[in-house]
Amino acid sequence: MEMNKELPLEILDSLSEGVITLDKELKIAFINLAAQRITGLKKREISGKLCKAVFHCEFCKTGCPICRMLETGNSIFNFDTKIITKENEEIDIKINATILKDESTKPVGAVISFKDLSNMKNLKRMLNEDSDFSGIIGKSEQMKEIYKLIIEISDSDAPVLIQGETGTGKELIANAIKATSKRKRNPFLKINCAVFPQDLLASELFGHIKGAFTSADRNRMGRFELANTGTIFLDEISEMPIQMQTHLLRILQDGTFERVGDSITRNTDVRIIAATNQEIEKAIRDNKLREDLFFRINVVPITVPPLRTRKEDIPLLVNHFIKKFSISYNKSIVGIDKEALKILVNYDWPGNIRQLENAIEYAFVRSHSNLNICACCLPTYLRTVIECYNYKYSVQHREYISTGKLLKLLDDNGWNRSKVADILGVNRTTIWRKIKEFGLNP
Amino acid sequence: MSEMLANQYFISERYSEAFEEYSKLPREKQNNIIIKEKMIISAAFDENFEDALSMIKELIRDQFDKSNKIKINTEAYPSIEVINKFESQTKQKQGYKDVIKMKIAILTFFSDQDKSLEIFKELKGSIYADIVTPFFNYHIKNSK
C-alpha cells in the first residue's frame with residue numbers, strides 16, 4: 001500500500017499498541033514492532049499474507065470487525081476479540097480500526113491498532129482458579145454429575161436441552177459444553193429467542209434475500225449459516241414462535257433450511273444447544289413448544305439444579321463474587337462475616353446465582369469497611385434489623401472518636417492503623433492524628 | 001459497492017454475499033482476471049451456477065486462448081478440504097449429477113488441477129462438452 005512509504009515507521013514502532021495495516025485484499029501490508037511482539041510473528045513471515053491466515057481471529061467468519069466497518073462505514077472502537085499467536089496461544093485483545101479510503105471514498109485498506117489484554121486475562125485466570133469446571137463454580141454432587149455428563153458427551157454432536165430456573169447458569173453450562181466439544185475452535189453463536197419479534201427472528205436465524213421485506217436491501221446470512229461447522233445456543237427456546245419451530249425441526253432432521261424470501265434450499269452443519277426456564281410439559285400442553293421438537297432437542301437433557309438445593313456451593317460462589325467485585329470496584333474486601341454468610345446460606349434464592357451475585361454487588365456498594373462484608377450491608381430483603389459493629393462505629397464515630405474506643409480498636413486489631421481507619425470509615429491520617437492527640441501508645 | 005467488502009466476504013467463505021458485491025463493481029473491474037476468478041468460485045459455490053458457466057466461458061476465451069497460465073491464489077481460494085466438504089454435502093442432497101461434477105471441476109480447477117482434470121474427463125460426453133474441451137486442452141497444454 002502506498003501510504004506505508006509515507007508513514008513515519010519509527011513512530012509506529014515506538015507505540016506500545018500493535019498496529020497493522022491491510023490492503024483491499026485483506027492482506028497484511030504493515031505490522032509494527034508491538035504487533036510482532038504480541039503475536040510472536042515476524043514481519044517477513046506475514047507481510048502479504050491474508051489477515052485471517054495470520055491471526056485466526058475468532059470472528060473471521062461470523063462477524064469480522066473489518067467486515068462490519070465496511071458494511072456500516074463506521075470505525076470500530078474497543079472491540080474485544082481473540083487471536084491465536086504463533087505459539088498457538090489464544091490471547092484477548094481490544095481493537096480499534098478504521099477504513100482507509102481513496103480520493104473517490106472507496107475503501108482501499110484498513111488500519112487496525114490493538115492492545116494485548118493478557119493482564120486482564122490474568123485477573124480472569126485468578127477468578128477462574130475458583131472454578132471447578134470450565135468457568136462453573138460448584139462442588140456439590142449435583143454439579144459434579146453435570147460435569148461428568150459434559151465430559152461424556154464431548155465427542156458427540158447430539159443436541160442438548162438445558163433446563164433450569166432463571167439464574168441457574170444455563171449459559172455457563174452451554175459454554176462448557178462448547179469448550180469441551182470437538183467443535184470448540186469453530187463458531188459459537190448465541191441467540192435469545194425471546195428478544196426478537198417473529199419476523200426478525202426468522203431473518204436472524206435463517207437469513208434473508210434482497211427484497212424479502214421492506215428493509216432487506218441486500219442478501220444476508222443467518223446465524224445457522226454463519227455457525228456452520230460450529231455450535232448454536234438457542235436460549236429460551238420455548239419462546240420461539242411455533243411456526244419457526246417447524247424450520248428448526250427441519251434443521252435438526254436434515255440440516256437444511258431456506259433464507260426468508262428464498263426458494264433455494266441450503267445446508268448447514270450446526271450443533272444445537274437449547275435452553276429453557278419453562279416447565280417443559282406445561283409448554284407442550286400450552287402449545288408453546290412442539291412435542292416433536294422437544295423429542296429432537298432433548299437427546300441429552302441437562303437439568304441445572306436451583307441454588308436452594310445445593311447450598312454447600314453458596315460459600316464458594318460468595319467468595320468468587322467477592323474476588324470479582326474487589327477487582328471491578330477496586331475495594332480490598334477479602335471476605336464475609338460469619339453472620340452474613342449464615343444469612344446467605346439460609347436464604348432460598350428464587351433468582352438463583354444471578355440474585356446471589358446481585359446481592360453481593362449490593363453489599364459491595366454499601367460496604368463501609370474494607371475488610372469483610374458484614375450482615376448490615378446485605379439487601380434488606382435478606383435481613384431485618386441487624387446490630388452491626390462495623391456500621392455502628394463507622395456512622396456514630398466518624399465524627400467523634402473517643403480515646404477509650406480508639407485504644408480498644410487499636411488493641412483489637414494489633415495496632416494496624418489502616419485496618420482501624422477502614423473500620424471507622426475514616427482516613428488513615430485521621431487515626432494518626434487522633435493517636436497523637438490522645439497520646440496513645442501500643 | 002466495495003471490492004474490499006467483496007474480498008472480505010470471499011475469504012470468509014460467504015460466497016453468496018461475495019458474488020453479490022463483486023457483481024456491483026464496474027464492468028472493467030469485473031474483467032480483472034483475479035476478480036473474475038473469485039466471481040466464478042463464488043458463483044459455483046452458491047446457486048448462481050449459470051453465471052459461473054458464462055464467466056468461465058469468458059475466462060476461457062480471454063485467457064486460455066492467449067495461452068496464459070492461470071495463477072492459483074492458494075491462500076485466498078477455498079482449500080480442497082472446503083471443496084470436498086461441499087462436494088459430499090451436495091452429493092448427499094442432490095446425487096452426483098453432471099451439474100455437480102461441473103461445479104466441483106470448476107472449483108478444483110483453482111486449487112487441485114489434477115482432480116479437476118479427472119472430473120473434466122468424466123464430463124467429456126456431457127452437455128457441458130463446449131466448456132469441457134477447452135479446459136481439457138488447457139490442462140494438456142500446461143502439463144507438457
# chains A, B, ... in the order shown; residues from 1 in each chain; ligands from 1
$ interface_residues --of "chain A" --to "chain B" --cutoff "9 Å" --atoms "only C-alpha atoms" --output "ChimeraX atom specification"
/A:23-26,49-50,52-53,60-62,64,66-67,70-71,106-109,218-221,226,264,267
$ select_by_dssp --residues "segment 65-214 of chain A" --states "strand (DSSP E or B)" --output "ChimeraX atom specification"
/A:76-84,90-101,107-116,133,136,160-163,188-192,207-208
$ residues_around --residues "Thr265 of chain A" --least-positions-apart "2" --cutoff "12 Å" --atoms "only C-alpha atoms" --output "list in words"
Phe206, Glu225, His247, Arg250, Ile251, Asp254, Gly255, Thr256, Phe257, Glu258, Arg259, Val260, Gly261, Asp262, Ser263, Asn267 and Thr268 of chain A; Asp46, Glu47, Thr90, Lys93 and Gln94 of chain B
$ closest_residue --among "A:Thr180, A:Asn88, A:Ser113, A:Asn427" --to "Ala34 of chain A" --atoms "only C-alpha atoms"
A:Ser113
$ select_by_dssp --residues "chain B" --states "helix (DSSP H, G or I)" --output "PyMOL selection string"
chain B and resi 3-11+15-23+27-30+33-45+49-64+80-94+98-109+113-122+129-143
$ write_last_selection --atoms "C-alpha atoms" --output "CSV table (one decimal), in the first residue's frame"
chain,number,residue,atom,x,y,z
B,3,GLU,CA,-14.3,-4.5,-3.8
B,4,MET,CA,-12.8,-4.7,-0.3
B,5,LEU,CA,-16.1,-5.8,1.2
B,6,ALA,CA,-16.5,-8.4,-1.5
B,7,ASN,CA,-13.0,-9.7,-0.8
B,8,GLN,CA,-13.8,-9.9,2.9
B,9,TYR,CA,-16.9,-12.0,2.1
B,10,PHE,CA,-14.9,-14.1,-0.2
B,11,ILE,CA,-12.1,-15.0,2.3
B,15,TYR,CA,-19.8,-16.7,-1.3
B,16,SER,CA,-23.3,-15.6,-2.0
B,17,GLU,CA,-22.7,-12.2,-0.5
B,18,ALA,CA,-19.2,-12.1,-2.2
B,19,PHE,CA,-20.8,-12.7,-5.6
B,20,GLU,CA,-23.4,-10.0,-5.0
B,21,GLU,CA,-20.8,-7.4,-4.0
B,22,TYR,CA,-18.5,-8.3,-6.9
B,23,SER,CA,-21.5,-8.0,-9.3
B,27,ARG,CA,-17.6,-3.8,-15.7
B,28,GLU,CA,-13.9,-3.0,-16.1
B,29,LYS,CA,-13.2,-4.2,-12.6
B,30,GLN,CA,-15.1,-7.4,-13.2
B,33,ILE,CA,-8.7,-11.8,-14.0
B,34,ILE,CA,-8.4,-12.1,-10.2
B,35,ILE,CA,-11.9,-10.7,-9.6
B,36,LYS,CA,-13.3,-12.9,-12.4
B,37,GLU,CA,-11.8,-16.0,-10.8
B,38,LYS,CA,-13.2,-15.1,-7.4
B,39,MET,CA,-16.6,-14.4,-9.0
B,40,ILE,CA,-16.6,-17.8,-10.7
B,41,ILE,CA,-15.7,-19.6,-7.5
B,42,SER,CA,-18.4,-17.6,-5.6
B,43,ALA,CA,-21.0,-18.4,-8.2
B,44,ALA,CA,-20.1,-22.1,-8.3
B,45,PHE,CA,-20.4,-22.4,-4.6
B,49,PHE,CA,-24.2,-21.7,-11.5
B,50,GLU,CA,-25.4,-20.2,-14.8
B,51,ASP,CA,-23.4,-17.1,-14.0
B,52,ALA,CA,-20.4,-19.2,-13.2
B,53,LEU,CA,-20.7,-21.0,-16.6
B,54,SER,CA,-21.0,-17.8,-18.6
B,55,MET,CA,-18.0,-16.3,-16.8
B,56,ILE,CA,-16.0,-19.5,-17.3
B,57,LYS,CA,-16.6,-19.2,-21.0
B,58,GLU,CA,-15.3,-15.6,-20.9
B,59,LEU,CA,-12.3,-16.7,-18.9
B,60,ILE,CA,-11.5,-19.5,-21.5
B,61,ARG,CA,-11.9,-17.0,-24.3
B,62,ASP,CA,-9.8,-14.3,-22.7
B,63,GLN,CA,-7.1,-16.3,-21.1
B,64,PHE,CA,-6.8,-19.8,-22.4
B,80,ILE,CA,-9.5,-28.6,-1.1
B,81,GLU,CA,-11.0,-29.6,2.3
B,82,VAL,CA,-13.7,-26.9,1.9
B,83,ILE,CA,-14.4,-28.1,-1.6
B,84,ASN,CA,-14.5,-31.8,-0.6
B,85,LYS,CA,-17.0,-31.0,2.2
B,86,PHE,CA,-19.1,-29.0,-0.3
B,87,GLU,CA,-19.0,-32.0,-2.7
B,88,SER,CA,-20.1,-34.5,-0.1
B,89,GLN,CA,-22.9,-32.3,1.2
B,90,THR,CA,-24.2,-31.6,-2.3
B,91,LYS,CA,-23.9,-35.2,-3.4
B,92,GLN,CA,-25.8,-36.3,-0.3
B,93,LYS,CA,-28.6,-33.8,-1.1
B,94,GLN,CA,-28.8,-34.0,-4.9
B,98,ASP,CA,-23.3,-33.7,-14.1
B,99,VAL,CA,-24.1,-30.3,-12.9
B,100,ILE,CA,-22.5,-31.1,-9.5
B,101,LYS,CA,-19.5,-32.6,-11.2
B,102,MET,CA,-19.1,-29.5,-13.3
B,103,LYS,CA,-19.2,-27.3,-10.2
B,104,ILE,CA,-16.6,-29.4,-8.5
B,105,ALA,CA,-14.5,-29.4,-11.7
B,106,ILE,CA,-14.6,-25.6,-11.8
B,107,LEU,CA,-13.8,-25.2,-8.1
B,108,THR,CA,-10.9,-27.7,-8.1
B,109,PHE,CA,-9.5,-26.1,-11.2
B,113,GLN,CA,-5.9,-29.2,-11.0
B,114,ASP,CA,-5.3,-33.0,-11.1
B,115,LYS,CA,-8.7,-33.7,-9.6
B,116,SER,CA,-10.2,-31.1,-11.9
B,117,LEU,CA,-8.8,-32.9,-14.9
B,118,GLU,CA,-10.2,-36.2,-13.7
B,119,ILE,CA,-13.7,-34.8,-13.5
B,120,PHE,CA,-13.4,-33.0,-16.8
B,121,LYS,CA,-12.5,-36.4,-18.4
B,122,GLU,CA,-15.8,-37.8,-17.0
B,129,ALA,CA,-18.8,-30.5,-23.7
B,130,ASP,CA,-18.4,-27.0,-25.1
B,131,ILE,CA,-16.8,-25.8,-21.9
B,132,VAL,CA,-15.0,-29.1,-21.0
B,133,THR,CA,-13.0,-29.3,-24.2
B,134,PRO,CA,-11.1,-26.0,-23.9
B,135,PHE,CA,-10.4,-26.8,-20.2
B,136,PHE,CA,-9.1,-30.2,-21.2
B,137,ASN,CA,-6.9,-28.6,-23.8
B,138,TYR,CA,-5.7,-26.1,-21.3
B,139,HIS,CA,-4.7,-28.9,-18.9
B,140,ILE,CA,-2.9,-30.8,-21.7
B,141,LYS,CA,-1.1,-27.7,-22.8
B,142,ASN,CA,0.1,-26.8,-19.4
B,143,SER,CA,1.1,-30.2,-18.3
$ residues_around --residues "Glu239 of chain A" --least-positions-apart "6" --cutoff "12 Å" --atoms "only C-alpha atoms" --output "list in words"
Ile191, Asn192, Cys193, Ala194, Val195, Phe196, Pro197, Gln198, Leu201, Gln245, Ala274, Ala275, Thr276, Asn277, Gln278, Ile280, Ala283, Ile284, Asp286, Asn287, Lys288, Leu289 and Arg290 of chain A
$ atom_distance --atom1 "atom CA of His320 of chain A" --atom2 "atom CA of Leu149 of chain A"
24.0 Å
$ atom_distance --atom1 "atom CA of Lys311 of chain A" --atom2 "atom CA of Cys376 of chain A"
21.5 Å
$ atom_distance --atom1 "atom CA of Glu281 of chain A" --atom2 "atom CA of Gln142 of chain A"
22.5 Å
$ closest_residue --among "A:Lys115, A:Arg383, A:His208, A:His56" --to "Ala35 of chain A" --atoms "only C-alpha atoms"
A:Lys115
